Amino acid sequence: MSKENTKYDLIIIGAGFAGLYALYKAIKRNIKVCVFEKGSDVGGTWYWNRYPGARCDVESMQYSYQFSKKLEQEWVWTEQYATQPEILKYAKHVAKRYNLKPYIKFNNIITSSHFDKKSRVWNIKNRKGEQFKARFCIMATGCLSSTYTPLIKGASSFKGDIFHTGNWPHKKINFSNKKVGIIGTGSSAIQSIPVIADKAKHLYVFQRTPHYTVPARNRSLIYGNGDNSYTKREAQGFDVDLTVEEIKADYSNLRKKAKNMFSAMAFDLNKKSALEVSKLERKVEYESRWEKGGVPFIGAFIDLNTNREANDTAAEFVRNKIKQTVKDPQIAKKLVPNYTIGCKRLAVDTNYYETYNKSNVTLVDLKDNPIKKITTKGIQTTQKEYSFDSLIYATGFDAMTGALMNIDIRGSNGIKLSKKWANGPKTFLGLAIQGFPNLFTITGPGSPSVFTNMITSIEQHVDWIFDCFDYLYTNGIELIEPSEESERDWVQHNQDIAKPHIRSSCSSWYRGSNVEGKPEIFLPYVGGFPAYVKKCEEISKSGYKGFLLTK
Ligand code: N01
């Protein structure tokens with residue numbers, strides 16, 4: 001086995017949107033760089049999540065890179081919400097357009113990354129036993145890339161086909177005339193259930209907690225020259241879809257508006273409180289957003305994420321929609337969530353609730369009827385055994401920390417990341433970790449990441465890291481890591497602002513509560529994209545205050 005031991009300036013782990021952009025920047029700067037990628041191609045989350053119905057819930061005109069105006073203008077999206085294959089095609093296009101692939105080692109699983117204090121380099125090993133060295137290491141391993149499969153008694157005895165939505169096979173799976181069981185009702189399940197139900201002989205949905213979802217109202221994007229600018233249409237209240245040419249003509253304005261929003265997504269946010277308007281005005285606002293579709297539903301009023309009473313008006317509206325849509329009142333009752341809306345990530349769907357009106361769909365409420373075990377034929381609950389041909393785990397991810405903790409990362413004193421994070425992740429800005437010099441995490445825990453348009457957050461992180469590289473090179477600094485104090489304060493600040501937030505009011509992967517044994521600590525930064533960017537800029541402008549710099 002070859003022990004390559006090649007030395008790079010920079011090693012990037014992961015060739016999703018984060019890794020690709022970091023690579024692009026490294027090549028531009030003539031940095032000796034190498035990317036390691038587990039998959040056989042680029043795309044990260046969009047390479048793995050190929051389940052039926054997978055698409056993005058951020059508008060495609062916004063879910064794209066903005067580092068190149070040319071790229072922005074030339075790429076053609078076809079739908080309001082792009083499908084997984086289209087997003088993957090985009091990632092491949094970017095890799096080809098900027099000739100990134102020669103720098104990527106595919107089918108390459110990194111197993112360890114150890115910092116050697118003496119030589120000041122990271123020693124990185126892959127599963128084949130090959131070793132590489134680098135001065136800097138960027139972990140572009142993704143927030144939702146380590147799938148979570150709950151340990152259910154008897155799981156290995158199931159004789160049919162087993163799938164996980166987050167690690168879907170690369171061939172077409174045909175569920176026609178098949179009986180299918182799906183565990184979970186989060187975003188992935190909500191997208192796939194209607195599509196699978198269209199084909200399957202029977203679909204059993206095993207639901208532990210009902211999820212809120214709003215209609216996507218996905219549509220084809222309109223091409224053809226219009227004469228209204230984005231700003232003009234904005235003044236009209238976004239009632240009319242813009243043509244793609246109109247959006248592209250005013251792209252920078254759209255991007256600017258997005259960057260001023262909590263979620264780094266441009267949408268119409270009502271500045272009024274839900275509690276200051278009449279019941280009728282509330283209803284009109286919710287109805288209009290329900291009709292327009294998508295996550296902007298949660299922007300109906302300014303305080304839906306911060307005030308429980310306000311939140312309950314939106315939650316009640318959706319609960320009524322579920323009851324109106326699902327014909328069987330007993331089934332509707334099971335689908336109605338009783339917690340705050342937007343606490344778990346608000347899902348966006350096409351015909352989700354309608355699917356429960358189909359005769360080939362059975363909702364199994366695990367609250368009344370818990371799973372006892374998985375059998376050779378299906379799932380045995382306390383009440384009965386459900387038999388099927390295929391079992392799908394739509395059970396989500398070991399979010400934000402899983403992919404990092406899966407690698408044996410050791411810092412300057414040999415300390416293991418998994419040990420340091422045993423009681424929850426500790427980072428400064430979600431970008432860097434005390435005791436782990438010259439290592440950066442893109443959209444790591446403690447950054448806004450999953451609350452935002454991910455591509456925008458990725459670009460902001462990568463730009464910040466490369467500006468930092470420039471500073472280090474210019475000033476002859478060899479090592480950078482956060483101070484203990486700045487890391488401690490950032491972790492504390494994160495927890496302080498998360499505590500009163502609606503997103504802390506239920507159990508979810510944001511808090512690590514979905515994975516058995518994972519410490520419950522709020523993972524993403526909940527202060528919003530603009531506040532976060534301001535903080536990052538203050539730090540870089542101050543000569544990296546809060547970091548220890550060693551010449
Ligand atoms: O995962 P989830 P996901 N027994 O963790 C259930 C992004 N995403 O893959 O709620 C029975 O949300 C669990 O039940 P409960 C998006 O950020 C984006 O769906 O814990 N059930 C839940 O219902 C999203 O939030 C897009 O009680 C069990 C489900 O499994 C994130 O990815 C599309 C169980 C897991 O839901 C994750 O979504 C898809 C058990 N032992 C995903 N364990 C778009 O852009 C877990 N569950 C549109």
# chains A, B, ... in the order shown; residues from 1 in each chain; ligands from 1
>>> select_by_dssp(residues="region 349-478 of chain A", states="helix (DSSP H, G or I)", output="ChimeraX atom specification")
/A:352-355,402-405,417-420,449-451,454-474
>>> closest_atom_pairs(of="region 375-412 of chain A", to="region 204-223 of chain A", cutoff="12 Å", atoms="only C-alpha atoms", output="tab-separated table")
residue	atom	partner	partner_atom	distance
A:Gly378	CA	A:Tyr204	CA	10.1
A:Ile379	CA	A:Phe206	CA	9.3
A:Gln380	CA	A:Phe206	CA	11.2
A:Thr381	CA	A:Phe206	CA	9.9
A:Glu385	CA	A:Tyr204	CA	11.3
A:Tyr386	CA	A:Tyr204	CA	7.9
A:Ser387	CA	A:Tyr204	CA	9.1
A:Phe388	CA	A:Tyr204	CA	8.4
A:Asp389	CA	A:Tyr204	CA	11.0
A:Ser390	CA	A:Tyr204	CA	10.3
A:Leu391	CA	A:Tyr204	CA	9.5
A:Ile392	CA	A:Val205	CA	9.7
A:Tyr393	CA	A:Phe206	CA	9.9
A:Ala394	CA	A:Phe206	CA	9.9
A:Thr395	CA	A:Gln207	CA	10.4
>>> closest_residue(among="A:Asn108, A:Ser119, A:Gln495, A:Thr149", to="ligand 1", atoms="only C-alpha atoms and all ligand atoms")
A:Thr149
>>> closest_residue(among="A:Lys70, A:His93, A:Lys551, A:Arg55", to="ligand 1", atoms="only C-alpha atoms and all ligand atoms")
A:Arg55
>>> residues_around(residues="Phe115 (chain A)", least_positions_apart="4", cutoff="7 Å", atoms="only C-alpha atoms", output="list of chain:residue names")
A:Arg120, A:Val121, A:Trp122, A:Asn123, A:Arg410, A:Gly411, A:Ser412
>>> write_last_selection(atoms="all heavy atoms", output="PDB file, in the first residue's frame")
ATOM      1  N   ARG A 120       4.297  21.569  13.225  1.00  0.00           N
ATOM      2  CA  ARG A 120       3.186  22.479  12.944  1.00  0.00           C
ATOM      3  C   ARG A 120       2.409  22.081  11.688  1.00  0.00           C
ATOM      4  O   ARG A 120       2.074  22.928  10.845  1.00  0.00           O
ATOM      5  CB  ARG A 120       3.674  23.917  12.826  1.00  0.00           C
ATOM      6  CG  ARG A 120       4.271  24.424  14.126  1.00  0.00           C
ATOM      7  CD  ARG A 120       4.729  25.853  14.000  1.00  0.00           C
ATOM      8  NE  ARG A 120       4.938  26.454  15.310  1.00  0.00           N
ATOM      9  CZ  ARG A 120       5.318  27.700  15.507  1.00  0.00           C
ATOM     10  NH1 ARG A 120       5.558  28.498  14.494  1.00  0.00           N
ATOM     11  NH2 ARG A 120       5.473  28.182  16.727  1.00  0.00           N
ATOM     12  N   VAL A 121       2.208  20.800  11.528  1.00  0.00           N
ATOM     13  CA  VAL A 121       1.396  20.348  10.381  1.00  0.00           C
ATOM     14  C   VAL A 121       0.321  19.367  10.844  1.00  0.00           C
ATOM     15  O   VAL A 121       0.454  18.727  11.891  1.00  0.00           O
ATOM     16  CB  VAL A 121       2.224  19.662   9.260  1.00  0.00           C
ATOM     17  CG1 VAL A 121       3.197  20.587   8.598  1.00  0.00           C
ATOM     18  CG2 VAL A 121       2.891  18.405   9.740  1.00  0.00           C
ATOM     19  N   TRP A 122      -0.706  19.274   9.998  1.00  0.00           N
ATOM     20  CA  TRP A 122      -1.759  18.276  10.205  1.00  0.00           C
ATOM     21  C   TRP A 122      -1.370  17.013   9.443  1.00  0.00           C
ATOM     22  O   TRP A 122      -1.014  17.084   8.261  1.00  0.00           O
ATOM     23  CB  TRP A 122      -3.108  18.795   9.699  1.00  0.00           C
ATOM     24  CG  TRP A 122      -3.729  19.763  10.664  1.00  0.00           C
ATOM     25  CD1 TRP A 122      -3.629  21.125  10.648  1.00  0.00           C
ATOM     26  CD2 TRP A 122      -4.510  19.421  11.815  1.00  0.00           C
ATOM     27  NE1 TRP A 122      -4.297  21.653  11.721  1.00  0.00           N
ATOM     28  CE2 TRP A 122      -4.845  20.644  12.456  1.00  0.00           C
ATOM     29  CE3 TRP A 122      -4.955  18.218  12.380  1.00  0.00           C
ATOM     30  CZ2 TRP A 122      -5.618  20.677  13.620  1.00  0.00           C
ATOM     31  CZ3 TRP A 122      -5.719  18.259  13.535  1.00  0.00           C
ATOM     32  CH2 TRP A 122      -6.041  19.473  14.145  1.00  0.00           C
ATOM     33  N   ASN A 123      -1.386  15.882  10.142  1.00  0.00           N
ATOM     34  CA  ASN A 123      -1.137  14.578   9.500  1.00  0.00           C
ATOM     35  C   ASN A 123      -2.478  13.910   9.286  1.00  0.00           C
ATOM     36  O   ASN A 123      -3.201  13.624  10.241  1.00  0.00           O
ATOM     37  CB  ASN A 123      -0.269  13.697  10.405  1.00  0.00           C
ATOM     38  CG  ASN A 123       1.142  14.244  10.481  1.00  0.00           C
ATOM     39  OD1 ASN A 123       1.741  14.552   9.454  1.00  0.00           O
ATOM     40  ND2 ASN A 123       1.658  14.395  11.685  1.00  0.00           N
ATOM     41  N   ARG A 410      -7.340  15.121  16.299  1.00  0.00           N
ATOM     42  CA  ARG A 410      -6.600  15.418  17.553  1.00  0.00           C
ATOM     43  C   ARG A 410      -5.823  16.715  17.406  1.00  0.00           C
ATOM     44  O   ARG A 410      -5.133  16.919  16.411  1.00  0.00           O
ATOM     45  CB  ARG A 410      -5.634  14.293  17.893  1.00  0.00           C
ATOM     46  CG  ARG A 410      -6.387  13.003  18.147  1.00  0.00           C
ATOM     47  CD  ARG A 410      -5.516  11.913  18.655  1.00  0.00           C
ATOM     48  NE  ARG A 410      -6.220  10.645  18.443  1.00  0.00           N
ATOM     49  CZ  ARG A 410      -5.810   9.484  18.908  1.00  0.00           C
ATOM     50  NH1 ARG A 410      -4.690   9.417  19.595  1.00  0.00           N
ATOM     51  NH2 ARG A 410      -6.501   8.387  18.677  1.00  0.00           N
ATOM     52  N   GLY A 411      -5.922  17.534  18.430  1.00  0.00           N
ATOM     53  CA  GLY A 411      -5.315  18.863  18.401  1.00  0.00           C
ATOM     54  C   GLY A 411      -3.890  18.885  18.919  1.00  0.00           C
ATOM     55  O   GLY A 411      -3.215  17.846  19.009  1.00  0.00           O
ATOM     56  N   SER A 412      -3.440  20.080  19.303  1.00  0.00           N
ATOM     57  CA  SER A 412      -2.016  20.269  19.587  1.00  0.00           C
ATOM     58  C   SER A 412      -1.499  19.474  20.775  1.00  0.00           C
ATOM     59  O   SER A 412      -0.331  19.125  20.814  1.00  0.00           O
ATOM     60  CB  SER A 412      -1.691  21.750  19.751  1.00  0.00           C
ATOM     61  OG  SER A 412      -2.652  22.367  20.534  1.00  0.00           O
TER      62      SER A 412
END
>>> closest_residue(among="A:Ile442, A:Ser542, A:Val526, A:His170", to="Asp496 (chain A)", atoms="only C-alpha atoms")
A:Val526
>>> atom_distance(atom1="CA of Asn494 (chain A)", atom2="CA of Trp464 (chain A)")
20.0 Å
>>> closest_residue(among="A:Ser68, A:Asn438, A:Ser418, A:Asn49", to="Ile138 (chain A)", atoms="only C-alpha atoms")
A:Asn438
>>> closest_atom_pairs(of="chain A", to="ligand 1", cutoff="8 Å", atoms="only C-alpha atoms and all ligand atoms", output="tab-separated table")
residue	atom	partner	partner_atom_place_in_ligand_line	distance
A:Ala54	CA	ligand 1	33 (C)	6.3
A:Arg55	CA	ligand 1	48 (C)	5.5
A:Cys56	CA	ligand 1	45 (O)	3.6
A:Asp57	CA	ligand 1	48 (C)	4.1
A:Val58	CA	ligand 1	45 (O)	6.5
A:Leu144	CA	ligand 1	32 (O)	6.2
A:Tyr148	CA	ligand 1	46 (C)	7.8
A:Thr149	CA	ligand 1	43 (N)	7.0
A:Pro150	CA	ligand 1	41 (N)	4.8
A:Leu151	CA	ligand 1	41 (N)	7.0
A:Ile152	CA	ligand 1	41 (N)	6.8
A:Thr165	CA	ligand 1	9 (O)	6.8
A:Gly166	CA	ligand 1	9 (O)	6.5
A:Ile183	CA	ligand 1	21 (N)	5.4
A:Gly184	CA	ligand 1	30 (O)	3.3
A:Thr185	CA	ligand 1	23 (O)	3.7
A:Gly186	CA	ligand 1	19 (O)	3.4
A:Ser187	CA	ligand 1	19 (O)	3.7
A:Ser188	CA	ligand 1	19 (O)	3.7
A:Ala189	CA	ligand 1	19 (O)	5.5
A:Ile190	CA	ligand 1	19 (O)	7.3
A:Gln191	CA	ligand 1	33 (C)	6.9
A:Phe206	CA	ligand 1	11 (C)	6.7
A:Gln207	CA	ligand 1	21 (N)	6.0
A:Arg208	CA	ligand 1	27 (O)	4.4
A:Thr209	CA	ligand 1	27 (O)	4.2
A:Pro210	CA	ligand 1	10 (O)	6.9
A:His211	CA	ligand 1	23 (O)	7.0
A:Lys344	CA	ligand 1	25 (O)	6.9
A:Arg345	CA	ligand 1	25 (O)	4.8
A:Leu346	CA	ligand 1	25 (O)	7.5
A:Ala347	CA	ligand 1	48 (C)	6.6
A:Val348	CA	ligand 1	48 (C)	6.3
A:Asp349	CA	ligand 1	48 (C)	8.0
A:Leu366	CA	ligand 1	11 (C)	7.2
A:Ile371	CA	ligand 1	4 (N)	7.5
A:Tyr393	CA	ligand 1	30 (O)	7.4
A:Ala394	CA	ligand 1	30 (O)	5.4
A:Thr395	CA	ligand 1	30 (O)	3.4
A:Gly396	CA	ligand 1	1 (O)	3.1
A:Phe397	CA	ligand 1	5 (O)	6.0
A:Val450	CA	ligand 1	17 (O)	6.3
A:Ser507	CA	ligand 1	20 (O)	7.0
A:Ser508	CA	ligand 1	20 (O)	6.2
A:Trp509	CA	ligand 1	5 (O)	5.6
A:Ser513	CA	ligand 1	20 (O)	7.6
A:Asn514	CA	ligand 1	20 (O)	5.2
A:Val515	CA	ligand 1	43 (N)	7.4
>>> atom_distance(atom1="CA of Tyr65 (chain A)", atom2="CA of Leu304 (chain A)")
29.2 Å
>>> atom_distance(atom1="CA of Phe436 (chain A)", atom2="CA of Pro448 (chain A)")
21.3 Å
>>> closest_residue(among="A:Asp268, A:Asp198, A:Glu245, A:Glu37", to="Ala140 (chain A)", atoms="only C-alpha atoms")
A:Glu37
>>> residues_around(residues="Gln492 (chain A)", least_positions_apart="4", cutoff="12 Å", atoms="only C-alpha atoms", output="list in words")
Gly424, Pro425, Lys426, Thr427, Phe428, Leu429, Gly446, Glu485, Ser486, Glu487, Arg488, Asp496, Ile497, Ala498, Lys499, Ile521, Phe522, Leu523 and Tyr525 of chain A
>>> write_last_selection(atoms="C-alpha atoms", output="mmCIF file, in the first residue's frame")
data_model
loop_
_atom_site.group_PDB
_atom_site.id
_atom_site.type_symbol
_atom_site.label_atom_id
_atom_site.label_comp_id
_atom_site.auth_asym_id
_atom_site.auth_seq_id
_atom_site.Cartn_x
_atom_site.Cartn_y
_atom_site.Cartn_z
ATOM 1 C CA GLY A 424 -21.466 19.375 23.422
ATOM 2 C CA PRO A 425 -19.495 21.188 20.729
ATOM 3 C CA LYS A 426 -17.294 24.143 21.629
ATOM 4 C CA THR A 427 -16.178 26.453 18.859
ATOM 5 C CA PHE A 428 -15.468 30.091 18.262
ATOM 6 C CA LEU A 429 -17.980 31.353 15.654
ATOM 7 C CA GLY A 446 -22.100 27.763 16.696
ATOM 8 C CA GLU A 485 -11.892 32.713 26.726
ATOM 9 C CA SER A 486 -13.305 33.711 23.328
ATOM 10 C CA GLU A 487 -14.488 30.175 22.694
ATOM 11 C CA ARG A 488 -16.094 29.918 26.137
ATOM 12 C CA ASP A 496 -28.054 32.455 26.153
ATOM 13 C CA ILE A 497 -29.740 33.612 22.963
ATOM 14 C CA ALA A 498 -31.104 30.156 22.123
ATOM 15 C CA LYS A 499 -32.808 29.672 25.493
ATOM 16 C CA ILE A 521 -27.135 21.607 23.591
ATOM 17 C CA PHE A 522 -28.413 24.069 21.036
ATOM 18 C CA LEU A 523 -26.170 23.606 17.984
ATOM 19 C CA TYR A 525 -26.245 30.152 16.205
#
>>> select_by_dssp(residues="region 206-352 of chain A", states="strand (DSSP E)", output="PyMOL selection string")
chain A and resi 206-207+213-215+347-349
>>> write_last_selection(atoms="all heavy atoms", output="compact mmCIF listing (two decimals), in the first residue's frame")
# COMPACT_ATOMS: atom_id res chain seq x y z
N PHE A 206 -44.78 5.44 9.76
CA PHE A 206 -44.62 5.30 11.22
C PHE A 206 -44.21 6.66 11.78
O PHE A 206 -43.06 7.09 11.59
CB PHE A 206 -43.60 4.21 11.55
CG PHE A 206 -44.08 2.85 11.10
CD1 PHE A 206 -43.81 2.38 9.82
CD2 PHE A 206 -44.84 2.06 11.95
CE1 PHE A 206 -44.28 1.15 9.39
CE2 PHE A 206 -45.31 0.82 11.55
CZ PHE A 206 -45.04 0.36 10.25
N GLN A 207 -45.16 7.31 12.42
CA GLN A 207 -44.94 8.68 12.89
C GLN A 207 -44.80 8.73 14.41
O GLN A 207 -45.67 8.27 15.14
CB GLN A 207 -46.13 9.55 12.48
CG GLN A 207 -46.14 10.93 13.11
CD GLN A 207 -47.43 11.68 12.89
OE1 GLN A 207 -47.59 12.36 11.88
NE2 GLN A 207 -48.37 11.57 13.81
N THR A 213 -45.96 21.34 8.12
CA THR A 213 -45.48 21.58 6.76
C THR A 213 -46.45 22.50 6.03
O THR A 213 -47.65 22.49 6.31
CB THR A 213 -45.23 20.27 5.98
OG1 THR A 213 -44.97 20.57 4.61
CG2 THR A 213 -46.38 19.29 6.07
N VAL A 214 -45.90 23.31 5.15
CA VAL A 214 -46.74 24.23 4.37
C VAL A 214 -46.56 23.89 2.89
O VAL A 214 -45.52 23.38 2.49
CB VAL A 214 -46.36 25.72 4.63
CG1 VAL A 214 -46.63 26.11 6.06
CG2 VAL A 214 -44.91 26.00 4.26
N PRO A 215 -47.57 24.18 2.07
CA PRO A 215 -47.43 23.82 0.65
C PRO A 215 -46.31 24.62 -0.03
O PRO A 215 -46.14 25.81 0.25
CB PRO A 215 -48.78 24.21 0.03
CG PRO A 215 -49.62 24.76 1.11
CD PRO A 215 -48.85 24.83 2.38
N ALA A 347 -41.33 22.35 7.37
CA ALA A 347 -41.16 21.62 6.09
C ALA A 347 -42.03 22.27 5.02
O ALA A 347 -42.96 23.03 5.31
CB ALA A 347 -41.52 20.16 6.27
N VAL A 348 -41.68 21.96 3.80
CA VAL A 348 -42.39 22.48 2.64
C VAL A 348 -42.76 21.28 1.78
O VAL A 348 -41.91 20.43 1.52
CB VAL A 348 -41.45 23.46 1.89
CG1 VAL A 348 -41.97 23.76 0.52
CG2 VAL A 348 -41.27 24.74 2.68
N ASP A 349 -44.02 21.19 1.36
CA ASP A 349 -44.43 19.93 0.73
C ASP A 349 -45.24 20.13 -0.53
O ASP A 349 -45.71 21.23 -0.83
CB ASP A 349 -45.28 19.14 1.73
CG ASP A 349 -46.67 19.74 1.88
OD1 ASP A 349 -46.84 20.68 2.70
OD2 ASP A 349 -47.60 19.31 1.17
>>> residues_around(residues="Thr83 (chain A)", least_positions_apart="4", cutoff="10 Å", atoms="only C-alpha atoms", output="mmCIF file with N, CA, C and O atoms, in the first residue's frame")
data_model
loop_
_atom_site.group_PDB
_atom_site.id
_atom_site.type_symbol
_atom_site.label_atom_id
_atom_site.label_comp_id
_atom_site.auth_asym_id
_atom_site.auth_seq_id
_atom_site.Cartn_x
_atom_site.Cartn_y
_atom_site.Cartn_z
ATOM 1 N N TRP A 46 -26.262 16.812 -1.778
ATOM 2 C CA TRP A 46 -27.083 16.542 -2.969
ATOM 3 C C TRP A 46 -26.579 15.327 -3.752
ATOM 4 O O TRP A 46 -27.223 14.858 -4.684
ATOM 5 N N ARG A 50 -30.778 11.262 -2.450
ATOM 6 C CA ARG A 50 -31.433 11.061 -3.755
ATOM 7 C C ARG A 50 -32.802 10.437 -3.608
ATOM 8 O O ARG A 50 -33.307 9.796 -4.524
ATOM 9 N N PRO A 52 -36.824 9.722 -3.372
ATOM 10 C CA PRO A 52 -37.880 10.233 -4.259
ATOM 11 C C PRO A 52 -38.439 11.557 -3.721
ATOM 12 O O PRO A 52 -38.735 11.662 -2.538
ATOM 13 N N GLY A 53 -38.538 12.532 -4.587
ATOM 14 C CA GLY A 53 -39.131 13.819 -4.198
ATOM 15 C C GLY A 53 -38.142 14.810 -3.600
ATOM 16 O O GLY A 53 -38.546 15.911 -3.208
ATOM 17 N N ALA A 54 -36.852 14.425 -3.521
ATOM 18 C CA ALA A 54 -35.883 15.325 -2.876
ATOM 19 C C ALA A 54 -35.719 16.609 -3.684
ATOM 20 O O ALA A 54 -35.444 16.568 -4.891
ATOM 21 N N ARG A 55 -35.903 17.705 -3.036
ATOM 22 C CA ARG A 55 -35.633 19.006 -3.657
ATOM 23 C C ARG A 55 -35.354 20.019 -2.563
ATOM 24 O O ARG A 55 -35.553 19.733 -1.378
ATOM 25 N N CYS A 56 -34.882 21.177 -2.941
ATOM 26 C CA CYS A 56 -34.507 22.185 -1.947
ATOM 27 C C CYS A 56 -35.715 23.049 -1.602
ATOM 28 O O CYS A 56 -36.560 23.316 -2.455
ATOM 29 N N ASP A 57 -35.799 23.491 -0.351
ATOM 30 C CA ASP A 57 -36.922 24.361 0.017
ATOM 31 C C ASP A 57 -36.527 25.840 0.034
ATOM 32 O O ASP A 57 -37.292 26.679 0.478
ATOM 33 N N SER A 60 -34.680 28.327 -5.943
ATOM 34 C CA SER A 60 -33.459 28.002 -6.682
ATOM 35 C C SER A 60 -32.690 29.257 -7.111
ATOM 36 O O SER A 60 -31.461 29.245 -7.155
ATOM 37 N N TRP A 77 -31.914 27.638 -14.034
ATOM 38 C CA TRP A 77 -32.780 26.837 -13.160
ATOM 39 C C TRP A 77 -34.132 26.702 -13.831
ATOM 40 O O TRP A 77 -34.573 27.622 -14.525
ATOM 41 N N THR A 78 -34.792 25.581 -13.605
ATOM 42 C CA THR A 78 -36.070 25.415 -14.299
ATOM 43 C C THR A 78 -37.288 25.582 -13.390
ATOM 44 O O THR A 78 -38.368 25.888 -13.848
ATOM 45 N N GLU A 79 -37.100 25.323 -12.092
ATOM 46 C CA GLU A 79 -38.273 25.389 -11.204
ATOM 47 C C GLU A 79 -38.006 26.315 -10.023
ATOM 48 O O GLU A 79 -36.858 26.548 -9.654
ATOM 49 N N ILE A 87 -29.876 20.219 -8.803
ATOM 50 C CA ILE A 87 -28.853 20.847 -7.947
ATOM 51 C C ILE A 87 -27.517 20.112 -8.103
ATOM 52 O O ILE A 87 -26.450 20.723 -8.159
ATOM 53 N N LEU A 88 -27.605 18.796 -8.217
ATOM 54 C CA LEU A 88 -26.381 18.009 -8.417
ATOM 55 C C LEU A 88 -25.721 18.384 -9.752
ATOM 56 O O LEU A 88 -24.494 18.512 -9.852
ATOM 57 N N LYS A 89 -26.566 18.596 -10.759
ATOM 58 C CA LYS A 89 -26.065 18.996 -12.078
ATOM 59 C C LYS A 89 -25.327 20.344 -11.971
ATOM 60 O O LYS A 89 -24.275 20.558 -12.579
#
>>> residues_around(residues="Lys38 (chain A)", least_positions_apart="5", cutoff="9 Å", atoms="only C-alpha atoms", output="VMD selection string")
chain A and resid 13 to 15 44 105 to 110
>>> closest_residue(among="A:Thr111, A:Ala314, A:Lys259, A:Leu439", to="Ala403 (chain A)", atoms="only C-alpha atoms")
A:Thr111
>>> decode(residues="region 352-363 of chain A", atoms="N, CA, C and O atoms", output="short mmCIF file (atom, residue, chain, number, x, y, z; two decimals), in the first residue's frame")
data_model
loop_
_atom_site.label_atom_id
_atom_site.label_comp_id
_atom_site.auth_asym_id
_atom_site.auth_seq_id
_atom_site.Cartn_x
_atom_site.Cartn_y
_atom_site.Cartn_z
N TYR A 352 -48.64 16.69 0.79
CA TYR A 352 -48.34 15.81 1.94
C TYR A 352 -49.62 15.41 2.66
O TYR A 352 -49.92 14.22 2.77
N TYR A 353 -50.38 16.37 3.15
CA TYR A 353 -51.57 16.00 3.93
C TYR A 353 -52.60 15.29 3.05
O TYR A 353 -53.26 14.35 3.49
N GLU A 354 -52.69 15.69 1.79
CA GLU A 354 -53.63 15.06 0.85
C GLU A 354 -53.34 13.57 0.72
O GLU A 354 -54.25 12.76 0.49
N THR A 355 -52.07 13.20 0.85
CA THR A 355 -51.67 11.80 0.67
C THR A 355 -52.38 10.88 1.66
O THR A 355 -52.65 9.71 1.36
N TYR A 356 -52.70 11.43 2.84
CA TYR A 356 -53.36 10.59 3.86
C TYR A 356 -54.83 10.33 3.53
O TYR A 356 -55.50 9.57 4.24
N ASN A 357 -55.34 10.92 2.43
CA ASN A 357 -56.70 10.60 1.98
C ASN A 357 -56.69 9.38 1.06
O ASN A 357 -57.74 8.89 0.66
N LYS A 358 -55.50 8.91 0.71
CA LYS A 358 -55.42 7.78 -0.24
C LYS A 358 -55.67 6.47 0.49
O LYS A 358 -55.21 6.30 1.63
N SER A 359 -56.31 5.56 -0.21
CA SER A 359 -56.65 4.28 0.43
C SER A 359 -55.41 3.38 0.60
O SER A 359 -55.44 2.44 1.38
N ASN A 360 -54.33 3.69 -0.13
CA ASN A 360 -53.13 2.84 0.00
C ASN A 360 -52.12 3.40 1.00
O ASN A 360 -50.95 3.03 0.99
N VAL A 361 -52.59 4.33 1.85
CA VAL A 361 -51.66 4.92 2.84
C VAL A 361 -52.23 4.73 4.25
O VAL A 361 -53.40 5.03 4.50
N THR A 362 -51.39 4.21 5.14
CA THR A 362 -51.81 4.03 6.54
C THR A 362 -50.85 4.80 7.44
O THR A 362 -49.63 4.63 7.34
N LEU A 363 -51.43 5.63 8.29
CA LEU A 363 -50.61 6.35 9.27
C LEU A 363 -50.61 5.56 10.57
O LEU A 363 -51.68 5.28 11.13
#
